[in-house]
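Note sheet for the following structure.
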Amino acid sequence: MAAPSPKTWVRQPLGWLLLAALVAVGSAAVAHWRQPAAAAVLLAPPANFPAPVYEVAKNQPNEAAFELGRMLFYDPRLSSDGRVSCGSCHQQARAFTDGQALAVGVAGRRSPRNSPALQNLAWHRSFMADGGVRGLELQALAPLTSAQEMNTPLAEALAKLNANPEYRRRFAAVYGPGKIDTPQFLKALAQFTSALTSTNSRYDQYVRHEPGGALSADERRGQALFQAKCSGCHATDLFTDESFRNNGLDTAFPLDSGRAHITLAPTDAGRFRVPSLRNVARTAPYMHDGRFQTLPDVLAHYAYGVRPSRTLDPLLRQPDGRLGIALTEVQQREILAFLATLTDTELLTNPRFAPPAARQETNPRGMQLSAN
Amino acid sequence: MKNRTLSALFLLAAPLALFSGCKKDSDTPEATSTGSVNFTVQNVVPNTNVVGVQPPTPLVLNSSVATTSTGETFTVSTFEYYLSNIKFTKSDGTTYAAPDTYFLVDQATAKTLSFTVPNVPTGDYTGVSFIVGVDAQRTGLTNPLDFTGKLEALNQAYNMYWTWNSGHIFLKMEGTLTSTNPTKPLTCHIGGWGNNSTPNAIVTATPAFGSNKLTVRTDKAPTIALQANVAKLFDGPNPVTLSTFMGAHMPSAQSVQIAQNYAAGMFSVTQINTN
C-alpha cells in the first residue's frame with residue numbers, strides 16, 4: 001500500500017525535511033492524545049504474536065476517537081427499532097459474544113449464525129464465518145445493515161449521527177468540522193473494535209515466561225495434546241489459521257453452505273472459518289450455529305461425532321479410516337484444562353471496553369462523560 | 001488531529017520553501033490542450049403500443065411497462081447502475097482513458113442523469129466505451145477513506161454495496177413482474193468482481209457512434225446522449241424467462257449472464273451535440 005504522504009515529497013531533499021517535520025509533529029500529536037493501552041499492543045505486538053494485518057497507521061490510535069467508537073458500539077439508536085447495539089450481541093464478559101445459539105437482532109429476529117467473539121480482530125485477514133467481508137472497517141457494515149441484525153442502511157445511520165449534536169461535536173473534535181461521513185464513522189468504530197485485544201491470558205504469560213505464568217501438570221499435558229491434535233487448525237498463538245474448514249457437523253449443508261456462500265464452489269460447501277480459541281471457556285454456545293452448549297460437547301463431537309461429507313477436512317480423517325480426532329475421556333479433560341488457561345480477564349473486565357455509562361462509576365480519571 | 005498536524009506542518013514548511021527554491025512536479029511539460037465531454041443518460045422501455053418499429057419511451061418509475069422480446073412485462077421501481085472507466089477512441093485507433101471516472105446513475109435522482117468528463121485531449125473521436133459497474137481494483141479497496149474525493153460515487157452510503165460480501169452492486173433493478181398471475185417481485189442486483197475465484201460480472205459497453213462524431217475542443221463541450229433500455233437486461237446473448245427467474249441477489253453465474261446482456265445491448269448513443 002502507498003504511504004499516505006504525497007509521493008512528490010520524498011523525491012526531493014525538502015521532501016525529507018517535511019517528512020521529518022511531519023513525523024515529529026505527528027508523534028507529538030499522538031502523545032498529546034494519550035494512546036490507549038490496547039493501541040500499544042497493535043503498534044508493538046507481544047513476543048508470541050505476529051504483526052497485525054490491520055493497517056493501524058491509517059487509523060492512528062487516538063483516545064477521543066476510541067471513546068467515540070465505544071459510544072457508537074454501545075448505541076442502540078443505530079438499529080431500526082432503537083433497541084439493538086453492537087454490544088447487544090457482543091457482550092464483554094462473554095468475550096463479546098451473547099450466550100445465544102443464534103444472534104437476536106431487531107424485533108427479535110434471529111440471525112442464521114452464532115455471534116462470534118470480538119478479539120484480536122486486527123489480526124484477521126477476512127471476517128464473518130464465511131470470510132465474505134474483506135476488512136475490519138468494512139465489517140461493521142454487515143451487522144449494521146443486515147435485516148436480521150441492526151437493519152439500518154448506512155445512509156440512515158449517518159443521518160442519525162448528523163442529526164445528533166453530541167455526535168456532531170465529538171466527531172468534529174476528532175476529524176474536524178463538516179458532516180459525519182462513512183470513513184469517519186467506520187474508522188471511529190474500528191478504533192474501538194481493533195483495541196479489543198486478548199494477549200494476556202495465563203497461557204500467554206506462561207509462554208512468555210512472565211510472572212504468574214504457571215500451568216499445572218494437567219494443563220501442560222493438555223497443551224501437549226492440543227499441539228498434537230488441535231493446532232493443525234487452531235494454529236499459532238492466535239489459535240486459528242484463519243482457514244475455512246468443514247469440521248464434520250453435518251453430511252449436507254442446505255441451510256448454510258458457509259464459505260461456499262461466498263465462493264459458490266461446491267468444494268467449499270460446509271466450510272466455516274476456524275475460530276480462535278482464546279476465551280473459549282466464555283463463548284458458549286459453540287459452532288457457527290451455536291449447536292453445542294458446552295466445551296465437553298464440542299470435544300465429544302471431535303472424538304465421536306464427526307459426520308462424513310465430500311468436503312470433510314482431511315485432518316478429521318484418521319489413517320485407519322475413522323472420522324474425527326482420537327481422544328480418550330482423560331485426554332478430553334486435559335485439553336479442557338488447557339483451554340481454560342486461554343481465558344483473558346483483561347479483555348473480559350477492562351472498564352475501557354465496557355458500555356460508556358458503566359465506565360462513569362469506575363473512571364479513575366474522573367473524566368465526565370456527557371449523558372446520552 | 002490530522003488538520004492540526006497539517007497546519008503545524010505548513011507553518012514549519014513555509015520558511016523552508018522560501019530558501020529551497022524547490023520545483024513542483026507540475027513543471028513537467030504541459031499536456032496537450034483539453035476539453036470536456038458531457039453525458040446525458042435517458043433510461044427507456046421499448047415502445048410496443050403501436051405496430052412497427054417505434055422509438056422507445058422514457059422510463060417512468062412505477063409506471064412504465066417494459067416488455068421483453070418474448071412478451072413478458074414488468075414495471076420498475078428502482079434502476080441504478082455505475083458507469084466507470086470511460087474511454088474515448090479516435091479514428092486512428094488511439095484511445096484516451098479518462099482517469100477516475102465513476103458515475104452512479106439513479107433513475108430516481110435527476111441530477112445523476114447527466115455528468116461531465118473533464119480534461120479530455122482535444123481531437124475528433126469516433127467511439128466511447130465504459131464499464132457498466134466498477135473495476136476490480138477499485139471495488140476491492142477496503143479502506144473507507146478510498147471511497148472519497150474522486151471515488152465518492154463508490155461510497156457505501158449509496159447502498160450499492162454488498163456488506164456481507166465486500167464489493168459493489170454494479171446494477172440494481174427492482175420492480176414487479178406483471179405478466180404472471182399473480183404478479184411477483186422482480187429483484188436484479190448484479191455484481192461480482194472475481195475475488196476468491198467468484199463469478200466476474202465486470203463488463204464493458206461500447207455503444208456505436210454511427211455517423212456521429214465527437215469533436216472535443218477547448219472551447220467546445222460536446223454532449224453524448226446515451227439511452228439505456230431496461231428491457232435489455234433480459235434479452236441479448238442470454239435471454240431470461242422472467243416467469244421462472246428467481247431473481248439475482250449475489251455474484252453468480254446468473255449475474256454474469258445478465259451483465260453480458262446489458263453490455264451487449266442496453267446502451268446506445270442516440271445523438272452527439274457539439275455546442
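Identifiers in the C-alpha cells: chain A, B, ... in order shown; residue index from 1 per chain; ligand index from 1 in order shown.
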For Gly222 in chain A: contacts at 9 Å, only C-alpha atoms, fewer than 5 positions along chain excluded, given as an mmCIF file with C-alpha atoms, in the first residue's frame:
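And here is the file that came out, around-v9.cif:
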data_model
loop_
_atom_site.group_PDB
_atom_site.id
_atom_site.type_symbol
_atom_site.label_atom_id
_atom_site.label_comp_id
_atom_site.auth_asym_id
_atom_site.auth_seq_id
_atom_site.Cartn_x
_atom_site.Cartn_y
_atom_site.Cartn_z
ATOM 1 C CA ALA A 217 0.665 -30.627 35.215
ATOM 2 C CA GLN A 227 -0.406 -29.195 19.986
ATOM 3 C CA GLN A 331 -7.368 -36.525 27.223
ATOM 4 C CA GLN A 332 -10.532 -34.515 26.656
ATOM 5 C CA ARG A 333 -10.438 -33.372 30.286
ATOM 6 C CA GLU A 334 -6.794 -32.370 29.974
ATOM 7 C CA ILE A 335 -7.475 -30.391 26.827
ATOM 8 C CA LEU A 336 -10.356 -28.665 28.609
ATOM 9 C CA ALA A 337 -7.991 -27.749 31.429
ATOM 10 C CA PHE A 338 -5.613 -26.241 28.893
ATOM 11 C CA LEU A 339 -8.358 -24.322 27.087
#
Which residues, written as a PDB file with N, CA and C atoms, in the first residue's frame, have at least one atom at most 10 Å from range 59-70 of chain B, with only C-alpha atoms counted and residues fewer than 4 positions away on the same chain left out?
ATOM      1  N   GLN B  42     -30.626   8.693 -20.670  1.00  0.00           N
ATOM      2  CA  GLN B  42     -32.075   8.546 -20.611  1.00  0.00           C
ATOM      3  C   GLN B  42     -32.395   7.056 -20.527  1.00  0.00           C
ATOM      4  N   ASN B  43     -33.003   6.652 -19.438  1.00  0.00           N
ATOM      5  CA  ASN B  43     -33.449   5.266 -19.311  1.00  0.00           C
ATOM      6  C   ASN B  43     -34.808   5.124 -19.990  1.00  0.00           C
ATOM      7  N   VAL B  44     -34.957   4.036 -20.731  1.00  0.00           N
ATOM      8  CA  VAL B  44     -36.178   3.879 -21.538  1.00  0.00           C
ATOM      9  C   VAL B  44     -36.724   2.462 -21.448  1.00  0.00           C
ATOM     10  N   VAL B  45     -37.981   2.321 -21.890  1.00  0.00           N
ATOM     11  CA  VAL B  45     -38.588   0.997 -22.083  1.00  0.00           C
ATOM     12  C   VAL B  45     -38.974   0.900 -23.562  1.00  0.00           C
ATOM     13  N   PRO B  46     -39.025  -0.320 -24.099  1.00  0.00           N
ATOM     14  CA  PRO B  46     -39.406  -0.453 -25.511  1.00  0.00           C
ATOM     15  C   PRO B  46     -40.836   0.026 -25.723  1.00  0.00           C
ATOM     16  N   ASN B  47     -41.075   0.553 -26.887  1.00  0.00           N
ATOM     17  CA  ASN B  47     -42.414   1.034 -27.224  1.00  0.00           C
ATOM     18  C   ASN B  47     -43.143  -0.062 -27.977  1.00  0.00           C
ATOM     19  N   THR B  48     -44.136  -0.634 -27.364  1.00  0.00           N
ATOM     20  CA  THR B  48     -44.871  -1.735 -28.002  1.00  0.00           C
ATOM     21  C   THR B  48     -46.331  -1.382 -28.221  1.00  0.00           C
ATOM     22  N   PHE B  74     -42.905  -6.063 -17.224  1.00  0.00           N
ATOM     23  CA  PHE B  74     -42.584  -5.701 -15.835  1.00  0.00           C
ATOM     24  C   PHE B  74     -42.567  -4.186 -15.676  1.00  0.00           C
ATOM     25  N   THR B  75     -42.764  -3.766 -14.431  1.00  0.00           N
ATOM     26  CA  THR B  75     -42.598  -2.352 -14.098  1.00  0.00           C
ATOM     27  C   THR B  75     -41.357  -2.223 -13.220  1.00  0.00           C
ATOM     28  N   VAL B  76     -40.849  -1.010 -13.107  1.00  0.00           N
ATOM     29  CA  VAL B  76     -39.562  -0.773 -12.461  1.00  0.00           C
ATOM     30  C   VAL B  76     -39.742   0.232 -11.322  1.00  0.00           C
ATOM     31  N   SER B  77     -39.280  -0.120 -10.131  1.00  0.00           N
ATOM     32  CA  SER B  77     -39.332   0.836  -9.013  1.00  0.00           C
ATOM     33  C   SER B  77     -37.959   1.421  -8.691  1.00  0.00           C
ATOM     34  N   THR B  78     -36.900   0.682  -9.019  1.00  0.00           N
ATOM     35  CA  THR B  78     -35.532   1.158  -8.788  1.00  0.00           C
ATOM     36  C   THR B  78     -34.677   0.791  -9.988  1.00  0.00           C
ATOM     37  N   PHE B  79     -33.915   1.746 -10.475  1.00  0.00           N
ATOM     38  CA  PHE B  79     -32.999   1.433 -11.574  1.00  0.00           C
ATOM     39  C   PHE B  79     -31.751   2.289 -11.389  1.00  0.00           C
ATOM     40  N   GLN B 107     -32.139   6.458 -11.617  1.00  0.00           N
ATOM     41  CA  GLN B 107     -33.332   6.989 -12.272  1.00  0.00           C
ATOM     42  C   GLN B 107     -34.137   7.885 -11.326  1.00  0.00           C
ATOM     43  N   ALA B 108     -34.055   7.645 -10.021  1.00  0.00           N
ATOM     44  CA  ALA B 108     -34.850   8.414  -9.053  1.00  0.00           C
ATOM     45  C   ALA B 108     -34.220   9.774  -8.736  1.00  0.00           C
ATOM     46  N   GLU B 174     -35.086  -3.111  -9.504  1.00  0.00           N
ATOM     47  CA  GLU B 174     -36.138  -3.738  -8.706  1.00  0.00           C
ATOM     48  C   GLU B 174     -37.462  -3.330  -9.315  1.00  0.00           C
ATOM     49  N   GLY B 175     -38.400  -4.244  -9.279  1.00  0.00           N
ATOM     50  CA  GLY B 175     -39.700  -3.923  -9.853  1.00  0.00           C
ATOM     51  C   GLY B 175     -40.674  -5.055  -9.656  1.00  0.00           C
ATOM     52  N   THR B 176     -41.662  -5.130 -10.544  1.00  0.00           N
ATOM     53  CA  THR B 176     -42.716  -6.133 -10.422  1.00  0.00           C
ATOM     54  C   THR B 176     -42.945  -6.780 -11.780  1.00  0.00           C
ATOM     55  N   LEU B 177     -42.944  -8.100 -11.776  1.00  0.00           N
ATOM     56  CA  LEU B 177     -43.274  -8.834 -12.990  1.00  0.00           C
ATOM     57  C   LEU B 177     -44.793  -8.848 -13.105  1.00  0.00           C
ATOM     58  N   THR B 178     -45.299  -8.253 -14.189  1.00  0.00           N
ATOM     59  CA  THR B 178     -46.761  -8.073 -14.289  1.00  0.00           C
ATOM     60  C   THR B 178     -47.403  -9.046 -15.269  1.00  0.00           C
ATOM     61  N   SER B 179     -46.602  -9.860 -15.964  1.00  0.00           N
ATOM     62  CA  SER B 179     -47.193 -10.786 -16.934  1.00  0.00           C
ATOM     63  C   SER B 179     -47.515 -12.139 -16.312  1.00  0.00           C
ATOM     64  N   ALA B 228     -30.524   4.000 -22.286  1.00  0.00           N
ATOM     65  CA  ALA B 228     -30.385   2.674 -21.700  1.00  0.00           C
ATOM     66  C   ALA B 228     -31.760   2.014 -21.639  1.00  0.00           C
ATOM     67  N   ASN B 229     -31.883   0.920 -22.357  1.00  0.00           N
ATOM     68  CA  ASN B 229     -33.165   0.220 -22.466  1.00  0.00           C
ATOM     69  C   ASN B 229     -33.230  -0.886 -21.411  1.00  0.00           C
ATOM     70  N   VAL B 230     -34.046  -0.671 -20.401  1.00  0.00           N
ATOM     71  CA  VAL B 230     -34.075  -1.580 -19.242  1.00  0.00           C
ATOM     72  C   VAL B 230     -34.497  -2.998 -19.630  1.00  0.00           C
ATOM     73  N   ALA B 231     -35.280  -3.131 -20.689  1.00  0.00           N
ATOM     74  CA  ALA B 231     -35.733  -4.475 -21.087  1.00  0.00           C
ATOM     75  C   ALA B 231     -34.584  -5.346 -21.568  1.00  0.00           C
ATOM     76  N   LYS B 232     -33.475  -4.688 -21.965  1.00  0.00           N
ATOM     77  CA  LYS B 232     -32.339  -5.450 -22.498  1.00  0.00           C
ATOM     78  C   LYS B 232     -31.577  -6.214 -21.421  1.00  0.00           C
ATOM     79  N   LEU B 233     -31.921  -5.988 -20.149  1.00  0.00           N
ATOM     80  CA  LEU B 233     -31.323  -6.809 -19.091  1.00  0.00           C
ATOM     81  C   LEU B 233     -31.613  -8.282 -19.356  1.00  0.00           C
ATOM     82  N   PHE B 234     -32.764  -8.532 -19.951  1.00  0.00           N
ATOM     83  CA  PHE B 234     -33.237  -9.914 -20.062  1.00  0.00           C
ATOM     84  C   PHE B 234     -33.230 -10.431 -21.495  1.00  0.00           C
ATOM     85  N   ASP B 235     -32.717  -9.628 -22.419  1.00  0.00           N
ATOM     86  CA  ASP B 235     -32.590 -10.037 -23.816  1.00  0.00           C
ATOM     87  C   ASP B 235     -31.132  -9.907 -24.220  1.00  0.00           C
ATOM     88  N   GLY B 236     -30.800 -10.522 -25.322  1.00  0.00           N
ATOM     89  CA  GLY B 236     -29.426 -10.437 -25.789  1.00  0.00           C
ATOM     90  C   GLY B 236     -28.819 -11.818 -25.844  1.00  0.00           C
ATOM     91  N   PRO B 239     -30.969 -14.769 -23.094  1.00  0.00           N
ATOM     92  CA  PRO B 239     -32.355 -14.401 -22.781  1.00  0.00           C
ATOM     93  C   PRO B 239     -32.804 -15.029 -21.457  1.00  0.00           C
ATOM     94  N   VAL B 240     -33.548 -14.256 -20.669  1.00  0.00           N
ATOM     95  CA  VAL B 240     -34.016 -14.728 -19.360  1.00  0.00           C
ATOM     96  C   VAL B 240     -35.536 -14.812 -19.394  1.00  0.00           C
ATOM     97  N   THR B 241     -36.056 -15.958 -19.001  1.00  0.00           N
ATOM     98  CA  THR B 241     -37.509 -16.109 -18.885  1.00  0.00           C
ATOM     99  C   THR B 241     -37.917 -15.650 -17.495  1.00  0.00           C
ATOM    100  N   LEU B 242     -38.626 -14.542 -17.447  1.00  0.00           N
ATOM    101  CA  LEU B 242     -38.887 -13.923 -16.145  1.00  0.00           C
ATOM    102  C   LEU B 242     -39.852 -14.733 -15.284  1.00  0.00           C
TER     103      LEU B 242
END
Exercise for review: Give the strand (DSSP E or B) residues of range 55-131 of chain B, as assigned by DSSP on the backbone, as a ChimeraX atom specification.
Suggested key: /B:57-58,66-67,73-90,95-97,102-106,114-121,123-131
Between chain B and chain A, at 6 Å or less, what are the per-residue closest atom pairs and their distances in Å? Count only C-alpha atoms, order by chain and rising residue number, and return it as a tab-separated table.
residue	atom	partner	partner_atom	distance
B:Thr142	CA	A:Gly135	CA	5.6
B:Pro144	CA	A:Pro183	CA	4.8
B:Leu145	CA	A:Pro183	CA	5.2
B:Ala157	CA	A:Ala155	CA	4.8
B:Thr163	CA	A:Ala142	CA	4.8
B:Trp164	CA	A:Ala142	CA	5.3
B:Asn165	CA	A:Gly132	CA	4.3
B:Ser166	CA	A:Val133	CA	5.1
B:Asn196	CA	A:Thr263	CA	6.0
B:Thr198	CA	A:Thr263	CA	5.2
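The closest residue to Asn246 in chain A, picked from A:His234, A:Leu316, A:Gly212, A:Arg202 and counting only C-alpha atoms, is A:Leu316.
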Point to revise | Contacts of Leu226 in chain B within 6 Å, only C-alpha atoms, excl. fewer than 4 positions in-chain, as a ChimeraX atom specification | key: /B:40-41,268-269
Limited to N, CA and C atoms, could you put the picked residues into a file as a PDB file, in the first residue's frame?
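Result file is again.pdb:
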ATOM      1  N   THR B  40     -25.452  12.692 -21.188  1.00  0.00           N
ATOM      2  CA  THR B  40     -26.795  12.618 -20.608  1.00  0.00           C
ATOM      3  C   THR B  40     -27.247  11.171 -20.739  1.00  0.00           C
ATOM      4  N   VAL B  41     -28.008  10.716 -19.766  1.00  0.00           N
ATOM      5  CA  VAL B  41     -28.496   9.339 -19.803  1.00  0.00           C
ATOM      6  C   VAL B  41     -30.015   9.369 -19.733  1.00  0.00           C
ATOM      7  N   SER B 268     -27.220   2.717 -26.032  1.00  0.00           N
ATOM      8  CA  SER B 268     -26.994   3.220 -27.384  1.00  0.00           C
ATOM      9  C   SER B 268     -26.713   4.716 -27.302  1.00  0.00           C
ATOM     10  N   VAL B 269     -25.992   5.196 -28.296  1.00  0.00           N
ATOM     11  CA  VAL B 269     -25.753   6.638 -28.409  1.00  0.00           C
ATOM     12  C   VAL B 269     -26.795   7.163 -29.389  1.00  0.00           C
TER      13      VAL B 269
END
Considering only C-alpha atoms, return as a compact mmCIF listing (two decimals) with C-alpha atoms, in the first residue's frame whatever protein or nucleic-acid residues lie within 9 Å of Phe244 in chain A, sequence-local ones (same chain, fewer than 6 positions apart) excluded.
# COMPACT_ATOMS: atom_id res chain seq x y z
CA ALA A 129 -17.86 -17.24 9.39
CA ASP A 130 -17.74 -17.38 5.58
CA GLY A 131 -14.96 -14.80 5.14
CA GLY A 258 -20.56 -21.47 4.75
CA ARG A 259 -17.61 -20.47 2.60
CA ASP A 268 -16.28 -25.08 -0.14
CA GLY A 270 -19.85 -26.72 4.76
CA ARG A 271 -16.57 -24.95 5.36
CA PHE A 272 -16.55 -22.26 8.03
CA ARG A 273 -13.87 -20.05 9.50
CA VAL A 274 -11.68 -21.74 12.10
Exercise for review: Write out as an MDAnalysis selection string which residues come within 9 Å of range 297-302 of chain A when counting only C-alpha atoms, dropping same-chain ones fewer than 2 positions away.
Suggested key: chainID A and resid 247:249 286:287 292:295 304:306 316 323:327 329 332 335:336
Could you dump the residues just selected with C-alpha atoms as a CSV table (one decimal), in the first residue's frame?
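Listed below is the output, part-v7.csv:
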chain,number,residue,atom,x,y,z
A,247,ASN,CA,-15.4,-30.0,10.8
A,248,GLY,CA,-18.0,-32.7,10.2
A,249,LEU,CA,-21.1,-31.2,11.8
A,286,TYR,CA,-20.3,-23.2,20.1
A,287,MET,CA,-20.1,-23.6,16.3
A,292,PHE,CA,-23.2,-27.2,21.2
A,293,GLN,CA,-23.9,-25.9,24.6
A,294,THR,CA,-20.7,-26.8,26.3
A,295,LEU,CA,-17.0,-27.3,25.6
A,304,TYR,CA,-17.1,-39.4,18.4
A,305,GLY,CA,-19.5,-37.2,16.4
A,306,VAL,CA,-17.8,-36.2,13.2
A,316,LEU,CA,-10.6,-35.2,10.5
A,323,LEU,CA,-13.5,-39.9,11.4
A,324,GLY,CA,-12.7,-37.3,14.0
A,325,ILE,CA,-9.8,-37.0,16.4
A,326,ALA,CA,-8.8,-39.9,18.7
A,327,LEU,CA,-9.3,-38.5,22.2
A,329,GLU,CA,-12.0,-39.1,28.2
A,332,GLN,CA,-10.5,-34.5,26.7
A,335,ILE,CA,-7.5,-30.4,26.8
A,336,LEU,CA,-10.4,-28.7,28.6
Practice item. Write out as a list of chain:residue names which residues come within 9 Å of Leu277 in chain A when counting only C-alpha atoms, dropping same-chain ones fewer than 2 positions away. Key: A:His234, A:Leu238, A:Phe239, A:Thr240, A:Pro275, A:Asn279, A:Val280, A:Ala281, A:Leu339, A:Leu342
